[in-house]
Each structure stands twice: as C-alpha cells, then as structure tokens.
>>> print(open('model-v7.pdb').read())   # PDB, C-alpha atoms and all ligand atoms
ATOM      1  CA  MET L 148     -20.299 -39.199   6.865
ATOM      2  CA  LYS L 149     -23.539 -38.725   8.822
ATOM      3  CA  PRO L 150     -24.210 -34.981   9.388
ATOM      4  CA  THR L 151     -24.187 -35.412  13.190
ATOM      5  CA  LEU L 152     -20.589 -36.648  13.022
ATOM      6  CA  ASN L 153     -19.284 -33.467  11.401
ATOM      7  CA  TRP L 154     -17.440 -31.119  13.745
ATOM      8  CA  GLN L 155     -18.778 -27.570  13.925
ATOM      9  CA  ILE L 156     -17.640 -24.497  15.841
ATOM     10  CA  ALA L 157     -19.942 -23.725  18.770
ATOM     11  CA  SER L 158     -19.843 -20.357  20.486
ATOM     12  CA  VAL L 159     -20.551 -19.974  24.175
ATOM     13  CA  LYS L 160     -23.640 -17.785  24.588
ATOM     14  CA  ASN L 161     -24.078 -18.032  28.337
ATOM     15  CA  ILE L 162     -22.612 -19.740  31.408
ATOM     16  CA  LYS L 163     -24.862 -20.393  34.383
ATOM     17  CA  PRO L 164     -23.572 -21.689  37.728
ATOM     18  CA  GLU L 165     -25.919 -24.463  38.920
ATOM     19  CA  THR L 166     -24.063 -25.508  42.103
ATOM     20  CA  THR L 167     -20.540 -24.803  43.405
ATOM     21  CA  SER L 168     -19.166 -27.556  41.134
ATOM     22  CA  VAL L 169     -21.603 -27.542  38.207
ATOM     23  CA  LYS L 170     -22.136 -25.046  35.393
ATOM     24  CA  THR L 171     -24.467 -24.994  32.404
ATOM     25  CA  PHE L 172     -22.988 -23.805  29.101
ATOM     26  CA  THR L 173     -25.409 -22.549  26.458
ATOM     27  CA  LEU L 174     -23.829 -23.146  23.050
ATOM     28  CA  LYS L 175     -24.948 -21.515  19.822
ATOM     29  CA  LEU L 176     -24.606 -23.969  16.949
ATOM     30  CA  PRO L 177     -24.309 -22.817  13.318
ATOM     31  CA  ALA L 178     -25.402 -26.296  12.130
ATOM     32  CA  TRP L 179     -27.960 -26.958  14.874
ATOM     33  CA  MET L 180     -30.188 -29.960  14.358
ATOM     34  CA  ARG L 181     -33.019 -31.178  16.550
ATOM     35  CA  HIS L 182     -31.832 -33.739  19.075
ATOM     36  CA  ARG L 183     -33.678 -36.497  20.903
ATOM     37  CA  ALA L 184     -33.838 -36.077  24.689
ATOM     38  CA  GLY L 185     -31.048 -38.203  26.177
ATOM     39  CA  GLN L 186     -28.487 -37.651  23.399
ATOM     40  CA  HIS L 187     -25.085 -36.042  23.877
ATOM     41  CA  TYR L 188     -22.489 -33.911  22.104
ATOM     42  CA  ASP L 189     -18.746 -34.443  21.933
ATOM     43  CA  ILE L 190     -16.542 -31.436  22.702
ATOM     44  CA  ARG L 191     -13.054 -31.337  21.114
ATOM     45  CA  LEU L 192     -10.409 -28.966  22.422
ATOM     46  CA  THR L 193      -7.207 -28.219  20.504
ATOM     47  CA  ALA L 194      -4.138 -26.686  22.158
ATOM     48  CA  GLU L 195      -1.761 -24.318  20.371
ATOM     49  CA  ASP L 196       0.742 -27.163  19.902
ATOM     50  CA  GLY L 197      -1.927 -29.251  18.151
ATOM     51  CA  TYR L 198      -2.704 -31.547  21.101
ATOM     52  CA  GLN L 199      -6.363 -32.537  20.989
ATOM     53  CA  THR L 200      -8.709 -34.077  23.536
ATOM     54  CA  GLN L 201     -12.433 -34.749  23.509
ATOM     55  CA  ARG L 202     -15.203 -35.605  25.968
ATOM     56  CA  SER L 203     -18.911 -36.389  25.775
ATOM     57  CA  TYR L 204     -21.541 -34.173  27.455
ATOM     58  CA  SER L 205     -25.259 -34.865  27.560
ATOM     59  CA  ILE L 206     -27.714 -32.290  26.302
ATOM     60  CA  ALA L 207     -29.724 -30.747  29.137
ATOM     61  CA  SER L 208     -32.096 -28.618  27.061
ATOM     62  CA  GLU L 209     -35.270 -29.695  25.309
ATOM     63  CA  PRO L 210     -35.223 -30.481  21.565
ATOM     64  CA  GLU L 211     -37.849 -27.790  21.002
ATOM     65  CA  ARG L 212     -35.257 -25.008  21.597
ATOM     66  CA  GLU L 213     -33.787 -24.157  18.213
ATOM     67  CA  GLY L 214     -30.259 -23.047  17.336
ATOM     68  CA  GLU L 215     -28.634 -23.786  20.682
ATOM     69  CA  VAL L 216     -28.157 -26.448  23.348
ATOM     70  CA  ASP L 217     -27.387 -26.448  27.053
ATOM     71  CA  LEU L 218     -24.609 -28.734  28.288
ATOM     72  CA  THR L 219     -24.253 -29.087  32.071
ATOM     73  CA  VAL L 220     -20.768 -29.965  33.257
ATOM     74  CA  GLU L 221     -19.615 -31.060  36.694
ATOM     75  CA  ARG L 222     -16.055 -30.202  37.628
ATOM     76  CA  VAL L 223     -14.067 -33.418  38.115
ATOM     77  CA  GLN L 224     -11.051 -33.143  40.451
ATOM     78  CA  ASP L 225      -8.002 -32.510  38.200
ATOM     79  CA  GLY L 226     -10.213 -33.157  35.178
ATOM     80  CA  GLU L 227      -8.618 -31.945  31.978
ATOM     81  CA  VAL L 228     -11.718 -30.846  30.087
ATOM     82  CA  SER L 229     -14.198 -30.113  32.904
ATOM     83  CA  SER L 230     -11.633 -27.869  34.676
ATOM     84  CA  TYR L 231     -10.908 -26.033  31.436
ATOM     85  CA  LEU L 232     -14.615 -25.438  30.842
ATOM     86  CA  HIS L 233     -15.122 -24.231  34.422
ATOM     87  CA  ASP L 234     -11.986 -22.106  34.850
ATOM     88  CA  ILE L 235     -11.038 -20.778  31.428
ATOM     89  CA  VAL L 236     -14.051 -20.638  29.142
ATOM     90  CA  ILE L 237     -16.040 -17.376  29.064
ATOM     91  CA  PRO L 238     -19.025 -16.247  26.974
ATOM     92  CA  GLY L 239     -17.979 -15.616  23.380
ATOM     93  CA  ASP L 240     -15.377 -18.403  23.360
ATOM     94  CA  ARG L 241     -15.587 -20.979  20.588
ATOM     95  CA  PHE L 242     -14.702 -24.649  20.384
ATOM     96  CA  GLU L 243     -15.499 -27.690  18.285
ATOM     97  CA  VAL L 244     -18.487 -29.923  18.950
ATOM     98  CA  ARG L 245     -20.227 -32.732  17.105
ATOM     99  CA  GLY L 246     -23.624 -34.239  17.654
ATOM    100  CA  PRO L 247     -26.296 -34.974  18.584
ATOM    101  CA  ILE L 248     -25.071 -38.522  19.246
ATOM    102  CA  GLY L 249     -26.797 -41.625  20.630
ATOM    103  CA  GLY L 250     -29.870 -43.617  19.683
ATOM    104  CA  TYR L 251     -30.538 -45.919  22.624
ATOM    105  CA  PHE L 252     -30.751 -43.739  25.739
ATOM    106  CA  VAL L 253     -33.464 -41.509  24.294
ATOM    107  CA  TRP L 254     -37.021 -40.662  25.199
ATOM    108  CA  GLU L 255     -39.568 -38.986  22.970
ATOM    109  CA  ALA L 256     -43.007 -37.706  23.844
ATOM    110  CA  SER L 257     -44.478 -40.249  21.407
ATOM    111  CA  MET L 258     -43.464 -42.925  23.976
ATOM    112  CA  THR L 259     -46.591 -42.729  26.132
ATOM    113  CA  ASP L 260     -45.802 -45.344  28.808
ATOM    114  CA  PRO L 261     -45.245 -44.130  32.383
ATOM    115  CA  LEU L 262     -41.690 -42.906  32.816
ATOM    116  CA  LEU L 263     -39.298 -43.626  35.671
ATOM    117  CA  LEU L 264     -36.090 -41.557  35.704
ATOM    118  CA  VAL L 265     -33.295 -42.410  38.144
ATOM    119  CA  ALA L 266     -30.340 -40.019  38.446
ATOM    120  CA  GLY L 267     -27.128 -39.808  40.436
ATOM    121  CA  GLY L 268     -25.270 -36.471  40.489
ATOM    122  CA  SER L 269     -24.647 -35.080  36.996
ATOM    123  CA  GLY L 270     -26.557 -38.096  35.654
ATOM    124  CA  ALA L 271     -29.548 -35.780  36.021
ATOM    125  CA  VAL L 272     -28.490 -33.933  32.843
ATOM    126  CA  PRO L 273     -29.991 -36.128  30.082
ATOM    127  CA  LEU L 274     -33.000 -36.872  32.301
ATOM    128  CA  MET L 275     -33.592 -33.112  32.610
ATOM    129  CA  SER L 276     -33.722 -32.934  28.819
ATOM    130  CA  MET L 277     -36.422 -35.632  28.927
ATOM    131  CA  ILE L 278     -38.387 -33.734  31.604
ATOM    132  CA  ARG L 279     -38.089 -30.444  29.685
ATOM    133  CA  HIS L 280     -39.159 -32.228  26.485
ATOM    134  CA  ARG L 281     -42.140 -33.751  28.334
ATOM    135  CA  VAL L 282     -43.165 -30.246  29.475
ATOM    136  CA  ALA L 283     -42.556 -28.554  26.104
ATOM    137  CA  SER L 284     -44.532 -31.210  24.234
ATOM    138  CA  ARG L 285     -47.344 -31.190  26.833
ATOM    139  CA  ALA L 286     -47.041 -34.939  27.337
ATOM    140  CA  ASN L 287     -49.045 -36.199  30.303
ATOM    141  CA  ASN L 288     -47.679 -39.694  30.915
ATOM    142  CA  PRO L 289     -47.144 -40.292  34.657
ATOM    143  CA  THR L 290     -43.471 -39.544  35.344
ATOM    144  CA  ALA L 291     -41.265 -39.857  38.427
ATOM    145  CA  LEU L 292     -37.683 -38.682  38.897
ATOM    146  CA  LEU L 293     -35.662 -40.222  41.734
ATOM    147  CA  TYR L 294     -32.567 -38.074  42.089
ATOM    148  CA  SER L 295     -29.631 -38.907  44.357
ATOM    149  CA  SER L 296     -27.291 -36.081  45.404
ATOM    150  CA  ARG L 297     -24.644 -35.803  48.115
ATOM    151  CA  SER L 298     -26.216 -32.784  49.806
ATOM    152  CA  PHE L 299     -29.013 -30.269  49.283
ATOM    153  CA  GLU L 300     -26.518 -27.783  47.796
ATOM    154  CA  ASP L 301     -25.447 -30.379  45.207
ATOM    155  CA  ILE L 302     -28.893 -30.752  43.640
ATOM    156  CA  ILE L 303     -28.676 -29.519  40.033
ATOM    157  CA  TYR L 304     -31.747 -27.702  38.609
ATOM    158  CA  ALA L 305     -33.252 -27.725  42.144
ATOM    159  CA  SER L 306     -35.596 -24.755  41.802
ATOM    160  CA  GLU L 307     -36.723 -25.664  38.266
ATOM    161  CA  LEU L 308     -37.510 -29.228  39.380
ATOM    162  CA  ASP L 309     -39.407 -27.899  42.373
ATOM    163  CA  HIS L 310     -41.407 -25.517  40.180
ATOM    164  CA  LEU L 311     -42.157 -28.168  37.531
ATOM    165  CA  SER L 312     -43.346 -30.700  40.115
ATOM    166  CA  LYS L 313     -45.846 -28.105  41.395
ATOM    167  CA  THR L 314     -47.122 -27.027  37.981
ATOM    168  CA  ASN L 315     -47.107 -30.275  35.979
ATOM    169  CA  ALA L 316     -49.788 -32.847  36.582
ATOM    170  CA  GLY L 317     -48.308 -36.305  36.684
ATOM    171  CA  LEU L 318     -44.685 -35.262  37.368
ATOM    172  CA  LYS L 319     -43.332 -36.373  40.751
ATOM    173  CA  ILE L 320     -39.824 -35.527  41.985
ATOM    174  CA  PHE L 321     -38.156 -37.533  44.770
ATOM    175  CA  HIS L 322     -34.779 -36.562  46.210
ATOM    176  CA  THR L 323     -32.366 -38.601  48.272
ATOM    177  CA  LEU L 324     -29.389 -36.918  49.964
ATOM    178  CA  THR L 325     -26.651 -39.409  50.741
ATOM    179  CA  ARG L 326     -24.100 -37.418  52.783
ATOM    180  CA  SER L 327     -25.847 -34.577  54.579
ATOM    181  CA  GLN L 328     -29.387 -33.305  54.906
ATOM    182  CA  PRO L 329     -30.907 -30.010  56.064
ATOM    183  CA  THR L 330     -32.467 -30.263  59.539
ATOM    184  CA  ASP L 331     -36.037 -30.093  58.205
ATOM    185  CA  TRP L 332     -35.368 -32.554  55.332
ATOM    186  CA  LYS L 333     -38.377 -34.692  54.440
ATOM    187  CA  GLY L 334     -36.921 -36.630  51.515
ATOM    188  CA  TYR L 335     -34.843 -39.811  51.529
ATOM    189  CA  ALA L 336     -31.447 -39.818  53.241
ATOM    190  CA  ARG L 337     -29.641 -42.921  51.966
ATOM    191  CA  ARG L 338     -28.313 -44.458  48.778
ATOM    192  CA  ILE L 339     -30.915 -45.648  46.275
ATOM    193  CA  ASP L 340     -32.109 -49.153  47.214
ATOM    194  CA  ALA L 341     -34.875 -51.607  46.340
ATOM    195  CA  ALA L 342     -37.275 -50.358  49.042
ATOM    196  CA  MET L 343     -36.922 -46.762  47.802
ATOM    197  CA  LEU L 344     -37.406 -47.795  44.176
ATOM    198  CA  ARG L 345     -40.491 -49.815  45.112
ATOM    199  CA  GLU L 346     -42.042 -46.731  46.743
ATOM    200  CA  VAL L 347     -41.210 -44.450  43.831
ATOM    201  CA  ALA L 348     -41.905 -46.887  40.963
ATOM    202  CA  GLY L 349     -44.936 -48.645  42.474
ATOM    203  CA  PRO L 350     -47.552 -46.028  41.463
ATOM    204  CA  LEU L 351     -46.255 -46.108  37.854
ATOM    205  CA  GLY L 352     -47.132 -49.797  37.421
ATOM    206  CA  GLY L 353     -45.222 -52.567  35.689
ATOM    207  CA  SER L 354     -45.236 -50.983  32.216
ATOM    208  CA  ALA L 355     -42.996 -48.044  33.146
ATOM    209  CA  GLN L 356     -40.097 -47.232  30.819
ATOM    210  CA  VAL L 357     -36.979 -46.668  32.943
ATOM    211  CA  PHE L 358     -33.904 -44.493  32.291
ATOM    212  CA  ILE L 359     -31.014 -44.562  34.778
ATOM    213  CA  CYS L 360     -27.976 -42.287  34.516
ATOM    214  CA  GLY L 361     -25.046 -41.549  36.803
ATOM    215  CA  PRO L 362     -21.819 -43.059  38.085
ATOM    216  CA  THR L 363     -21.282 -46.685  37.020
ATOM    217  CA  LEU L 364     -21.807 -48.278  40.444
ATOM    218  CA  MET L 365     -24.982 -46.335  41.157
ATOM    219  CA  VAL L 366     -26.415 -47.207  37.739
ATOM    220  CA  GLU L 367     -25.696 -50.906  38.166
ATOM    221  CA  SER L 368     -27.086 -51.151  41.675
ATOM    222  CA  ALA L 369     -30.277 -49.254  40.743
ATOM    223  CA  ALA L 370     -30.812 -51.431  37.655
ATOM    224  CA  ASN L 371     -30.293 -54.633  39.693
ATOM    225  CA  ALA L 372     -32.672 -53.416  42.401
ATOM    226  CA  LEU L 373     -35.361 -52.621  39.810
ATOM    227  CA  VAL L 374     -35.108 -56.121  38.349
ATOM    228  CA  LYS L 375     -35.326 -57.510  41.889
ATOM    229  CA  ILE L 376     -38.608 -55.674  42.503
ATOM    230  CA  GLY L 377     -40.070 -57.055  39.281
ATOM    231  CA  ILE L 378     -39.354 -54.517  36.516
ATOM    232  CA  ASP L 379     -38.599 -56.253  33.208
ATOM    233  CA  SER L 380     -34.938 -55.621  32.319
ATOM    234  CA  ASN L 381     -36.000 -54.898  28.717
ATOM    235  CA  ARG L 382     -37.724 -51.770  30.011
ATOM    236  CA  ILE L 383     -34.552 -50.412  31.657
ATOM    237  CA  ARG L 384     -32.076 -48.241  29.713
ATOM    238  CA  THR L 385     -28.862 -47.110  31.350
ATOM    239  CA  GLU L 386     -26.126 -44.565  30.701
ATOM    240  CA  ARG L 387     -22.872 -44.535  32.655
ATOM    241  CA  PHE L 388     -20.896 -41.315  33.064
ATOM    242  CA  GLY L 389     -17.547 -43.038  33.267
ATOM    243  CA  PRO L 390     -14.426 -41.289  32.037
ATOM    244  CA  THR L 391     -14.468 -40.579  28.275
ATOM    245  CA  GLY L 392     -11.620 -39.148  26.270
ATOM    246  CA  GLY L 393      -9.206 -40.360  23.692
TER     247      GLY L 393
HETATM  248  C1  LIG J   1     -22.281 -40.424  27.126
HETATM  249  C2  LIG J   1     -21.641 -39.571  28.214
HETATM  250  C3  LIG J   1     -22.282 -38.408  28.605
HETATM  251  C4  LIG J   1     -21.715 -37.613  29.610
HETATM  252  N1  LIG J   1     -22.384 -36.496  30.010
HETATM  253  C5  LIG J   1     -21.882 -35.731  30.995
HETATM  254  C6  LIG J   1     -22.598 -34.581  31.458
HETATM  255  O1  LIG J   1     -23.703 -34.267  30.988
HETATM  256  N2  LIG J   1     -22.028 -33.834  32.447
HETATM  257  C7  LIG J   1     -20.814 -34.170  33.003
HETATM  258  O2  LIG J   1     -20.348 -33.435  33.899
HETATM  259  N3  LIG J   1     -20.115 -35.258  32.597
HETATM  260  C8  LIG J   1     -20.612 -36.039  31.600
HETATM  261  N4  LIG J   1     -19.904 -37.125  31.161
HETATM  262  C9  LIG J   1     -18.529 -37.343  31.660
HETATM  263  C10 LIG J   1     -17.554 -36.504  30.800
HETATM  264  O3  LIG J   1     -17.510 -37.037  29.468
HETATM  265  C11 LIG J   1     -16.100 -36.524  31.307
HETATM  266  O4  LIG J   1     -15.705 -37.859  31.471
HETATM  267  C12 LIG J   1     -15.911 -35.755  32.593
HETATM  268  O5  LIG J   1     -16.279 -34.380  32.418
HETATM  269  C13 LIG J   1     -14.442 -35.824  33.055
HETATM  270  O6  LIG J   1     -13.619 -35.305  32.050
HETATM  271  P1  LIG J   1     -12.280 -34.499  32.468
HETATM  272  O7  LIG J   1     -11.506 -34.261  31.202
HETATM  273  O8  LIG J   1     -12.644 -33.311  33.274
HETATM  274  O9  LIG J   1     -11.522 -35.510  33.433
HETATM  275  P2  LIG J   1     -10.286 -36.480  33.015
HETATM  276  O10 LIG J   1      -9.075 -35.631  32.788
HETATM  277  O11 LIG J   1     -10.758 -37.362  31.900
HETATM  278  O12 LIG J   1     -10.162 -37.344  34.323
HETATM  279  C14 LIG J   1      -9.524 -36.834  35.518
HETATM  280  C15 LIG J   1      -9.679 -37.831  36.642
HETATM  281  O13 LIG J   1     -11.053 -37.966  37.003
HETATM  282  C16 LIG J   1     -11.532 -39.305  36.799
HETATM  283  N5  LIG J   1     -12.832 -39.168  36.156
HETATM  284  C17 LIG J   1     -13.060 -38.917  34.857
HETATM  285  N6  LIG J   1     -14.381 -38.821  34.618
HETATM  286  C18 LIG J   1     -14.999 -39.005  35.778
HETATM  287  C19 LIG J   1     -16.357 -39.009  36.158
HETATM  288  N7  LIG J   1     -17.354 -38.818  35.268
HETATM  289  N8  LIG J   1     -16.628 -39.231  37.473
HETATM  290  C20 LIG J   1     -15.641 -39.418  38.364
HETATM  291  N9  LIG J   1     -14.334 -39.428  38.055
HETATM  292  C21 LIG J   1     -14.017 -39.221  36.776
HETATM  293  C22 LIG J   1     -10.524 -39.949  35.873
HETATM  294  O14 LIG J   1     -10.463 -41.343  36.091
HETATM  295  C23 LIG J   1      -9.243 -39.232  36.288
HETATM  296  O15 LIG J   1      -8.699 -39.823  37.438
HETATM  297  C24 LIG J   1     -20.474 -37.973  30.191
HETATM  298  C25 LIG J   1     -19.843 -39.151  29.785
HETATM  299  C26 LIG J   1     -20.419 -39.945  28.831
HETATM  300  C27 LIG J   1     -19.727 -41.219  28.415
END
>>> encode(input="model-v7.pdb", output="structure tokens")
Amino acid sequence: MKPTLNWQIASVKNIKPETTSVKTFTLKLPAWMRHRAGQHYDIRLTAEDGYQTQRSYSIASEPEREGEVDLTVERVQDGEVSSYLHDIVIPGDRFEVRGPIGGYFVWEASMTDPLLLVAGGSGAVPLMSMIRHRVASRANNPTALLYSSRSFEDIIYASELDHLSKTNAGLKIFHTLTRSQPTDWKGYARRIDAAMLREVAGPLGGSAQVFICGPTLMVESAANALVKIGIDSNRIRTERFGPTGG
C-alpha cells in the first residue's frame, strides 16, 4: 500500500474561525509527509457502535510547513461530518486521516507559467495552499485569484489575501460578491462570467495555467467561459467540491 493511503491518528492542535460558517483545523500528523499544493486529506470518523464515515478536505497550508496541515471546513446544512467538526471537535481531539491525496489538481513552484486561480466559496482552500506555497517558495510568476463569495463576511482568508496582494509583486486578488456588497464595494458584484474572466485573465496572457475549484455548477460555467474567451482547455484543471462520503 502506498504510504499516503495509510490511516494515521491526527490530533487537533488549533481551531480558527474564518467566517461564521468556516473554521480552519490545524492537525498535527505523526506521519507527516510533504504535500503538493492542491492535494487533500480524507478524514474518517468512527462512532462507538463502529459506524464509520469519511470525507475529503483540501489542504490549505503550504507544503513548506512541517509536521502539520491546515484543513478549512465549511459547515454544510445538516452535514454529518462538517457539523461534527464545527460543533463537537475541540483542540486535543484525535481522529483518523490519510493523505496527502491527488496528483492532478496540483501546482508547484517549479511550474513557472502565469497562474490563474478561480474559486467559489470553500473552493478557495486548495488555491490558498497554492498561493501560500508561491509565497513560501518566493516564486514570482504573475498570479491572479478571482474569488467568488456570497457576501463580504463570507470571504475566507480575507485579511491574509489583502495583505499578500499588497506585499507580493505579481499577485493580484479580485473578489466578486454575488448576494450582497458593502456600500463602498469596488469589486465585482455578480456571478463569474466571460467578461469578468477576460478582464482578470487578459494580463496573464494565453499561456496561463488555470485552476478552478468550487461548487460543481460554478466550476463548469467558469471553465466553459474560459474556453470561450480563448484559453486552451488543456491548460484548465478543475476540482469540484461535490458531496463525498461512503
Ligand atoms: C476533493 C475534495 C476536496 C474537498 N475539500 C473541501 C474543503 O477543503 N472544505 C470543505 O468545506 N469541503 C470540502 N469538500 C467537501 C467535503 O468533502 C464534504 O462533502 C462536505 O464537508 C460535506 O460533508 P458533510 O458530511 O458535512 O455533509 P453530508 O452529510 O455528506 O451532506 C449533507 C447534505 O449536504 C449536501 N452536501 C454535501 N456536500 C455538499 C457541498 N460540498 N456543498 C453543498 N451541499 C453539500 C448533501 O447532498 C446533503 O444533502 C471537498 C470535497 C472533495 C471531493
């Protein structure tokens, strides 16, 4: 069995509220191994009666951080695992995880093409790992993140993104707020569409490598719009945060 597929017992080191419905869990891993930005872990929970359930969660932290990973989890209405993580789990708790998993939706600093990241909601998680990896490895490829959230309060990692965009040459952050906007809002205020993608992607040129992550419909419509504006589909990698489990 590949080492990443072995289950290990993670312990919760820290829990950080990101928004009212999103928390980041820092997990200490006894068998930590360096991940590639974009990969995920599986979490497996076991009840006292032996019932087991598992879900996938993307890694939010950069691969350069040793011994631990951040997983950022959005509470899903009546969600079995996300509600448990939000409501029950406290620092010091332990549960099974395996990973890092995934070899397609990954970006490494050795990939020097311009980078276009498109996120919807908690789809920002693996893209944040890529941005943190870009910063930690001092990569300087032109990079843009287009991030769609319902409201200003729903933006995950808002202050870190703001800080990074001011301190990192070549990193541009664009927000769109689809449901409500602050009165002085200067960003986009609609769902991601071809015109928006043209404005954001244009300066990166035709050789940009694209990663899109979020709800299935958002991912598909953004990928279709990018092809429509002339981006080669071979340069677009997608990850859908549909229900997992089993
Ligand atoms: C590769 C991968 C990476 C993922 N990474 C993350 C991550 O970084 N952060 C994160 O918060 N989630 C992530 N997810 C989604 C996560 O795995 C779970 O599906 C999610 O947390 C819901 O699990 P649950 O047990 O709480 O809900 P469930 O008990 O499985 O579902 C409860 C109800 O919610 C619906 N539902 C389930 N999942 C979703 C969803 N994602 N959106 C809307 N409705 C849903 C179900 O259809 C059901 O009606 C990822 C999924 C995949 C496949």
>>> resolve_selection(input="model-v7.pdb", expression="the PyMOL selection byres (((chain L and resi 243) around 9) and not hetatm)", output="VMD selection string")
chain L and resid 154 to 158 189 to 193 241 to 242 244 to 245
>>> residues_near_ligand(input="model-v7.pdb", ligand="ligand LIG 1 (chain J)", cutoff="7 Å", atoms="all atoms listed in the file", output="NGL selection string")
:L and (187 or 202-206 or 218-230 or 269-270 or 272-273 or 362 or 386-392)
>>> resolve_selection(input="model-v7.pdb", expression="the PyMOL selection byres (((chain L and resi 303) around 8) and not hetatm)", output="number ranges by chain")
L: 165-166, 169, 268-269, 271, 301-302, 304-305
>>> write_last_selection(input="model-v7.pdb", atoms="C-alpha atoms", output="tab-separated table (two decimals), in the coordinates of the input")
chain	number	residue	atom	x	y	z
L	165	GLU	CA	-25.92	-24.46	38.92
L	166	THR	CA	-24.06	-25.51	42.10
L	169	VAL	CA	-21.60	-27.54	38.21
L	268	GLY	CA	-25.27	-36.47	40.49
L	269	SER	CA	-24.65	-35.08	37.00
L	271	ALA	CA	-29.55	-35.78	36.02
L	301	ASP	CA	-25.45	-30.38	45.21
L	302	ILE	CA	-28.89	-30.75	43.64
L	304	TYR	CA	-31.75	-27.70	38.61
L	305	ALA	CA	-33.25	-27.72	42.14
>>> resolve_selection(input="model-v7.pdb", expression="the PyMOL selection byres (((chain L and resi 347-360) around 9) and not hetatm)", output="MDAnalysis selection string")
chainID L and resid 252:254 258 260:274 289:293 319 321 342:346 361:363 365:367 369:370 373 377:379 381:388
>>> write_last_selection(input="model-v7.pdb", atoms="C-alpha atoms", output="compact mmCIF listing (two decimals), keeping the file's coordinate frame")
# COMPACT_ATOMS: atom_id res chain seq x y z
CA PHE L 252 -30.75 -43.74 25.74
CA VAL L 253 -33.46 -41.51 24.29
CA TRP L 254 -37.02 -40.66 25.20
CA MET L 258 -43.46 -42.92 23.98
CA ASP L 260 -45.80 -45.34 28.81
CA PRO L 261 -45.24 -44.13 32.38
CA LEU L 262 -41.69 -42.91 32.82
CA LEU L 263 -39.30 -43.63 35.67
CA LEU L 264 -36.09 -41.56 35.70
CA VAL L 265 -33.30 -42.41 38.14
CA ALA L 266 -30.34 -40.02 38.45
CA GLY L 267 -27.13 -39.81 40.44
CA GLY L 268 -25.27 -36.47 40.49
CA SER L 269 -24.65 -35.08 37.00
CA GLY L 270 -26.56 -38.10 35.65
CA ALA L 271 -29.55 -35.78 36.02
CA VAL L 272 -28.49 -33.93 32.84
CA PRO L 273 -29.99 -36.13 30.08
CA LEU L 274 -33.00 -36.87 32.30
CA PRO L 289 -47.14 -40.29 34.66
CA THR L 290 -43.47 -39.54 35.34
CA ALA L 291 -41.26 -39.86 38.43
CA LEU L 292 -37.68 -38.68 38.90
CA LEU L 293 -35.66 -40.22 41.73
CA LYS L 319 -43.33 -36.37 40.75
CA PHE L 321 -38.16 -37.53 44.77
CA ALA L 342 -37.28 -50.36 49.04
CA MET L 343 -36.92 -46.76 47.80
CA LEU L 344 -37.41 -47.80 44.18
CA ARG L 345 -40.49 -49.82 45.11
CA GLU L 346 -42.04 -46.73 46.74
CA GLY L 361 -25.05 -41.55 36.80
CA PRO L 362 -21.82 -43.06 38.08
CA THR L 363 -21.28 -46.68 37.02
CA MET L 365 -24.98 -46.34 41.16
CA VAL L 366 -26.42 -47.21 37.74
CA GLU L 367 -25.70 -50.91 38.17
CA ALA L 369 -30.28 -49.25 40.74
CA ALA L 370 -30.81 -51.43 37.66
CA LEU L 373 -35.36 -52.62 39.81
CA GLY L 377 -40.07 -57.06 39.28
CA ILE L 378 -39.35 -54.52 36.52
CA ASP L 379 -38.60 -56.25 33.21
CA ASN L 381 -36.00 -54.90 28.72
CA ARG L 382 -37.72 -51.77 30.01
CA ILE L 383 -34.55 -50.41 31.66
CA ARG L 384 -32.08 -48.24 29.71
CA THR L 385 -28.86 -47.11 31.35
CA GLU L 386 -26.13 -44.56 30.70
CA ARG L 387 -22.87 -44.54 32.66
CA PHE L 388 -20.90 -41.32 33.06
>>> residues_around(input="model-v7.pdb", residues="Tyr335 (chain L)", least_positions_apart="3", cutoff="12 Å", atoms="all atoms listed in the file", output="list in words")
Leu293, Tyr294, Ser295, Ser296, Arg297, Ser298, Phe299, Ile320, Phe321, His322, Thr323, Leu324, Thr325, Arg326, Ser327, Gln328, Pro329, Asp331, Trp332, Arg338, Ile339, Asp340, Ala342, Met343, Leu344, Glu346 and Val347 of chain L
>>> write_last_selection(input="model-v7.pdb", atoms="C-alpha atoms", output="compact mmCIF listing (two decimals), in the frame of the given file")
# COMPACT_ATOMS: atom_id res chain seq x y z
CA LEU L 293 -35.66 -40.22 41.73
CA TYR L 294 -32.57 -38.07 42.09
CA SER L 295 -29.63 -38.91 44.36
CA SER L 296 -27.29 -36.08 45.40
CA ARG L 297 -24.64 -35.80 48.12
CA SER L 298 -26.22 -32.78 49.81
CA PHE L 299 -29.01 -30.27 49.28
CA ILE L 320 -39.82 -35.53 41.98
CA PHE L 321 -38.16 -37.53 44.77
CA HIS L 322 -34.78 -36.56 46.21
CA THR L 323 -32.37 -38.60 48.27
CA LEU L 324 -29.39 -36.92 49.96
CA THR L 325 -26.65 -39.41 50.74
CA ARG L 326 -24.10 -37.42 52.78
CA SER L 327 -25.85 -34.58 54.58
CA GLN L 328 -29.39 -33.30 54.91
CA PRO L 329 -30.91 -30.01 56.06
CA ASP L 331 -36.04 -30.09 58.20
CA TRP L 332 -35.37 -32.55 55.33
CA ARG L 338 -28.31 -44.46 48.78
CA ILE L 339 -30.92 -45.65 46.28
CA ASP L 340 -32.11 -49.15 47.21
CA ALA L 342 -37.28 -50.36 49.04
CA MET L 343 -36.92 -46.76 47.80
CA LEU L 344 -37.41 -47.80 44.18
CA GLU L 346 -42.04 -46.73 46.74
CA VAL L 347 -41.21 -44.45 43.83
>>> atom_distance(input="model-v7.pdb", atom1="CA of Lys170 (chain L)", atom2="CA of His233 (chain L)")
7.1 Å
>>> atom_distance(input="model-v7.pdb", atom1="CA of Arg337 (chain L)", atom2="CA of Gly185 (chain L)")
26.3 Å
>>> atom_distance(input="model-v7.pdb", atom1="CA of Glu255 (chain L)", atom2="CA of Ser208 (chain L)")
13.4 Å
>>> closest_residue(input="model-v7.pdb", among="L:Tyr231, L:Asp217, L:Asn315, L:Ser168", to="Ala184 (chain L)", atoms="all atoms listed in the file")
L:Asp217
